[in-house]
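First up is the structure itself, then whatever we jot down about it.
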Amino acid sequence: MREPNSVKSDKLPKTYRYSVPKLLILGLVFHLVYIGTVFDCYFTSPVVHGMQNHSVAPAEAKRLVLIVGDGLRADLLFNEDAFPTIPDAPKVIAPYLKSIAETRGAFGISHTRVPTESRPGHVAIIGGNQADSIHSHTFSFGSPDILPMFARGATTGKVQTWCYHEEDEDFTKGKSNLANSGVNLTNNSDATFLDIWVLDHLKELLRNATRDETLNEELHSDKVVFFLHLLGLDTTGHSYRPHSQEYMNNIRVVDNIVRETESLVNDFYQDGETSFIFSADHGMSVIGNHGDGDPDNTRTPLIAWGRGIRGPLPDSNPSSHDSYSQSWGLSHLYRRDVEQADLAAMMASLLGIDWPVNSVGVLPDVDPTRPGYLSPRLGDQTLAQAAFVNAKVLLEQYTTKHELKKSQTLFYKPFVALEEGNATHPVPHRIASLVNIENLIQAQDWRDARLASAKLIRTSLAGLHYLQTYDRLLIRGIVTVAYFGWAAYASLYIFCPLRNVAHHPEMTSSLLFVHALAVMTLSGFWVLFALQHAPYTFYVYIAFPCYFWHQFLVQTIPVFQAPRSGNYWKGLARFILVVGVLQAMVLAYTYRFIWSIGFAFIGVVWPMTWPHNVLQSNIPSVAVWAFLCLVSAIFPVLSVEKQESLPLILVGGGLVLLCSAFAAPWVLQGVEVAKGRKSRQTLGLLFTLQAMLIVAIMVVTAGSVRSLQAKHGLPFANRVLGWIILGIASLIPLLSGGKHHTAFSKFLLYFLGFGPCFIILSISVEGLFYVTYSCVLMAWVVVESSVRNGALHMTIDRKGTTKVYNFEVGFFGTGNPFIMAALLTFKIVAPYIILAIAFALLNDFLHLPPFSLLLVALTLTDDTRSNAACALVCNGWMESALDTLWQRIHRLEYLLRILGPMGDPSQRHSRVVTFLQLHITNDRWERFSYYSKRIRHLEVTDYPTEIHERAFSTLSFSRPILYLLPNLRHLRWAKDPKRPALSLVLCLLFLTPDLRSLSVDTGHFDHQEGDLFAIDNFFKDVVHRSPRIESFEFHSDILYHDLGPSLCNFLLGLPHLKTVVISDHLLTSDVVTALAKCPHLHSIRTNHNSDSNQMEDLENFMPVIGPAAFPCLKEMEIRSHIWNAVSFLTSEFPAARLRHLSVQTILIEEGNNVGELFKIVADVCPGIESLELSMTSHLDAEHIQRTPGLQFGDLEPLLRCTSLTSLKLSVPAPLDVDNLDVGEMAAAWPRLRELRLNAKPERTEPESKHITFEVMASFAQHCPQLEVLELYIESFYIPSLEARKPLRNLRNLDLGLVGTNYTPEDLASFLTDITPSKCHIGGSPYVFVDVQPQSRAVANVAYSKLMKTFGLIPMLRNIHAQYRDRLLTLEDEVSRLSTLLSSATVSR
């Protein structure tokens, strides 16, 4: 296969406003948080408190021995010839336990629930029994992972535990460390020593009782429990698998332990008052794991015998056996299956202790139509009473949860079957049922009492399930909407470039609706959750879909309003194909052969669809591609139940070396051509080192496998060497610099780097898969590049779907992903890293916008589980998929590379990029048109790589069409610092008749002869080519007298102009006169980048305003003298519709002039909403000191502008106003959001009036929407606690603080009380002193006090937050106690 043409990949330009890292981080957080929804939906704790205890009396036995064989399968215990592959295996593996089932006990299967793990299993068996309810003692022996769970919370001394050390739970060693503890060793040398340890410590306990009277008394008391946890089977099964000889021997050891335990207990007590129960917490699959719902994991043995337990019964008709138990040799006896949680109920009945209050177990003897396990002294009477207690326990749980849910849920719907009565009995059915059962027991109708109890138990369990899943529909709905929203939000990064919707006034109503809908939805759910005391996670869950959909709708409103075009039938077919492929991937999780079909299809069928000339020119690549795909198709159909095979592991490692040896010369040759001989030598040494590490890891792995098979454990040297080699090999690719690499050398580096992982962490064919998978990915890059170079358009949906396909296949080829997840997680992730590298190479070779393919796959990956989600993501396919992908272009290189290769990648320091061939063929122009017609935004904002003018000349002379980008709507063209005039001329190539927005930046312009003529022609060409421009931005430092007539004529030639943004020195009288004639103009803004030398054209700002001038103008910025602004507003035809006015003076003005301006504004523009006055001057400081400040009389006319939302004043001297004056302002402007009253003047005036902190109350009272406040304020008076009113919406408070007559603690307390916790508070100190040295000292004191104040505020806010949290906690506690009191009152 040949290497495709490649170019150096560019990073995303700075003007790309979407942040891919933000998307990835947000996606990671979203998925991590939403893992919790699985637990909130399906695994919420059923435990509640406050239930009454119930028990059955009298007890049937004085003590109970519970023996749990951890990880024991029912079939391997009971089956005859259970291990046919093991020579000389006995027919019956556990003869003693089987003899109990046949002669003196009851047996069956205990069905466990998912997760089939040790801790949940033991909790289900023991049922949450608290030792305090037993009123005696529990003696437990076994694993430190299990026993402490049942000792926590018990009364000291009630539960005694004996545990071995965690280090003894070693899956690999032969002889146990227990041998050093004096344990009597047998010939068994595996984890059976863990079980023998338990038996020996039980013997020791009973021996000690003969010498310890206190211990003997405890052992002979009633209600004693012995708990023996035998972990050896679980450890052996993980190490050697359950069909191994080691597992068989462990079962025999357990059988012998049961025999000895029964003999020990009976010999010690000699009273026949002991019950025995033998079971398991979970089973084990054929490959040695558990946790899921595999039947081999959920079916565990149950054998019960001794006091209070019946003996064997003949089988029923129909038979109680099925095909699973036919091979047990027990078909003539009755098999009684139970749920694992039922064991807790059975043990409580035997001992006569309080029933576990949170147990959902059902006593097997409740149903009178089937035999149970018990044989009580009083017969049916005890069984009827036990059934009644079982019903009361479950109903008590239901009632408690019902009352709790009812008190916390709005519009609560009770469980009808238990809460509704009937016409003759209006009381709830649950109460009526209890009364009925009591009457039946009093009438000694035992059978009907058990039947009624069984019915009430079934109904109560249904009610508990109803309450447990009450919120499940809500959570499912939130999850569904959230994942739909994530797919839609992620698709924005592909299809819909980020737009500044604030610059589209026509969409204001739609945006307001979207904002309001998002806020209402979020706040509505939060209020609902607060009222229902929902978990805090619910608040987080609902925030994600609100954010995703809000962002999606805000950004897609223009897309929905834009006209659509394209072949919809073709798009529909493509949509159906994508959905079909995704659903096939879903089915492939169940039917793995589908992956093989997929490989065969893309390897053989897909190349047949290529054009004949493309196929003929790439026969070798197609042959290799087809071969690799067919080989890859083998792995998904291989059994996951793999046996350990050292030869296959070593063959995998050998293939890694062989493929690397074959590829390295070809790769190094490319490195030498592109990077030089030194780079080739460096990488050659690096590849050799990696190959040596692979050989070393193969040797270490072979030695480790042989040692483990011989049961000698893992040698310490092998363990250390394995970690070192794996660590070094994995770090080399990450630490290797990129300066020596080409695309393919980087791929080979990672391929060799992850090779050791697939040797030391494999047991079979994983290494072979890794080699094949990596080769397929490399071939895919080459094939796709060949297809693309052959002018066959590669659709974005095929690329994204192919990546998802390879992603899923990578999961199935690395072996079983559930075996010892710690290191294997890295092994599973490694193929995805290789896939990511291959996809990055493909993205680069095909010259697509950066991250585009990643984002497509990212959008699809969450949605392979749902038809609806796939439909949502793929609904935008058809031609609009490419439309949105190519909608916005930020770099010309991305566009021009479609026409041909540019530059020379080997010249790393060359900054000039041009065409390598001047002649552009028709087929390349055809492909260019295929993409260029989709471009709506072109932004050329900087020149990190210069494009030589020859490239544009080639474009201009060889183009077959007039408009290169026929559908371009927005063009932003920045300066070329070396050729500004030429840059504008080049911009003309991309103008279109339908262009709506044009932004041009010439920057610093030292014009030469002919440049002004070029700019004049530029303006004329724009008017001619794009007369429908609505928005024009022009940033330049060209003087107006050099540019004026051309600019005015240009503006007059754009009749549809709505928005103008130009440099402030260019907004002269003539320009404004021209703009006054634009019938649709509504905004005139400036960018303040001019210096004082450019202001001469603004001295006489007197535009000529005629009739019908500015019919739509709402926003205006003026930079001139105040009298010029006054003249403009008082002209014969003023701009009376103004809503936003900004005046920046070029001199410092007198107060009366400012007052006159504000009076005119109030008269001419009474509906003004935003007003800004800023005085700037280049005069000396003495002139500034002589200028008087503004007084309240100057500002008073603005009180008539009641719609004012923003007022900004920036003048040299402080305002001469006091609290009453500012209070009047606040009262006059109830809609005020932003008020900046000259917080940082250039000079101070001790004699002027000042504002104090008392004024804050006026803002709190009259301006509830105030968000930004800046004041020049006196600090000598801090209001008392009673006078402090909070400004609830304030986001920013900036203070010019006068004086030092305050304490930082008082001021910090005041500011904390009146501002929200998220409000930013800042400011500067001002002092009045005349002597210079003293001035510095006082200024330092003022600064220090203010900084200390700001430092105290976060601490005070934290204290306030803690106080509020405690207050809420107390309120919740009061509410809970009130509810309990109400419930108690109702019960009485």
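In the structure tokens, chains take the letters A, B, ... in the order shown, each chain's residues start at 1, and ligands count up from 1 in the order shown.
Near Thr116 of chain A, within 9 Å and counting only C-alpha atoms, sit Thr112, Arg113, Arg119, Pro120, Gly121, Asp281, His282, Gly283, Met284, His290, Gly291, Asp292, Gly293, Asn297 and Thr298 of chain A, not including residues fewer than 3 positions from it in the same chain.
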DSSP on the backbone, helix (DSSP H, G or I) only: what residues of segment 998-1129 of chain A does that give? Format it as a ChimeraX atom specification.
/A:1011-1025,1040-1052,1064-1066,1069-1075,1092-1094,1096-1098,1122-1129
Spatial neighbours of Thr469 of chain A, max dist 10 Å, only C-alpha atoms, sep filter under 3 positions, as a ChimeraX atom specification:
/A:40-44,463-466,472-475
With a distance cut-off of 8 Å and only C-alpha atoms, select the neighbouring residues of segment 1010-1024 of chain A, excluding the residue or stretch itself and same-chain residues fewer than 3 positions from it, and output the selection as a list of chain:residue names.
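In the requested format, the answer is A:Ala981, A:Leu982, A:Leu984, A:Val985, A:Leu988, A:Leu991, A:His1007, A:Pro1027, A:Asp1042, A:Leu1043, A:Ser1046, A:Leu1047, A:Phe1050, A:Gly1053, A:Leu1054.
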Could you name the residues that touch segment 225-239 of chain A at 8 Å or less, counting only C-alpha atoms, but leaving out those on the same chain fewer than 2 positions away, as number ranges by chain?
A: 63-72, 137-143, 169-172, 190-195, 198, 223, 241-242, 246-247, 250-251, 254, 284, 288-289
Counting only C-alpha atoms, which of A:Met1355, A:Met149, A:Ile109, A:Val514 gets nearest to Tyr334 of chain A?
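Result for the nearest residue to Tyr334 of chain A: A:Ile109.
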State, in Å with one decimal place, the distance from atom CA of Asn1153 of chain A to atom CA of Lys1249 of chain A.
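So the two atoms, atom CA of Asn1153 of chain A and atom CA of Lys1249 of chain A, lie 20.6 Å apart.
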Please list as a ChimeraX atom specification every residue within 8 Å of segment 1073-1076 of chain A, counting only C-alpha atoms and excluding residues in the same chain fewer than 3 positions away.
/A:1048-1049,1051-1052,1069-1070,1079,1081,1103-1106,1109-1110
Hey, can you check how far atom CA of Leu440 of chain A sits from atom CA of Ala452 of chain A?
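For atom CA of Leu440 of chain A relative to atom CA of Ala452 of chain A, the distance reads 8.9 Å.
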Can you tell me, as a ChimeraX atom specification, what residues are no more than 6 Å from segment 369-374 of chain A when counting only C-alpha atoms, ignoring any on the same chain fewer than 6 positions away?
/A:308-310
Write the residues of the preceding selection, restricted to all heavy atoms, as a compact mmCIF listing (two decimals), in the first residue's frame.
```txt
# COMPACT_ATOMS: atom_id res chain seq x y z
N GLY A 308 -36.20 -28.27 63.99
CA GLY A 308 -37.21 -27.40 63.41
C GLY A 308 -37.31 -27.47 61.90
O GLY A 308 -38.11 -26.72 61.30
N ILE A 309 -36.53 -28.32 61.27
CA ILE A 309 -36.51 -28.40 59.81
C ILE A 309 -36.97 -29.79 59.39
O ILE A 309 -36.54 -30.80 59.98
CB ILE A 309 -35.11 -28.10 59.26
CG1 ILE A 309 -34.69 -26.67 59.67
CG2 ILE A 309 -35.07 -28.26 57.74
CD1 ILE A 309 -33.28 -26.33 59.31
N ARG A 310 -37.83 -29.84 58.40
CA ARG A 310 -38.39 -31.11 57.94
C ARG A 310 -37.32 -31.97 57.29
O ARG A 310 -36.27 -31.48 56.88
CB ARG A 310 -39.52 -30.86 56.96
CG ARG A 310 -39.06 -30.26 55.64
CD ARG A 310 -40.13 -30.36 54.57
NE ARG A 310 -39.72 -29.68 53.33
CZ ARG A 310 -38.95 -30.23 52.40
NH1 ARG A 310 -38.48 -31.47 52.57
NH2 ARG A 310 -38.63 -29.56 51.29
```
When DSSP works through the backbone of this structure, what residues of segment 1206-1386 of chain A end up as strand (DSSP E), shown as a PyMOL selection string?
chain A and resi 1206-1210+1234-1237+1268-1274+1292-1298+1320-1326
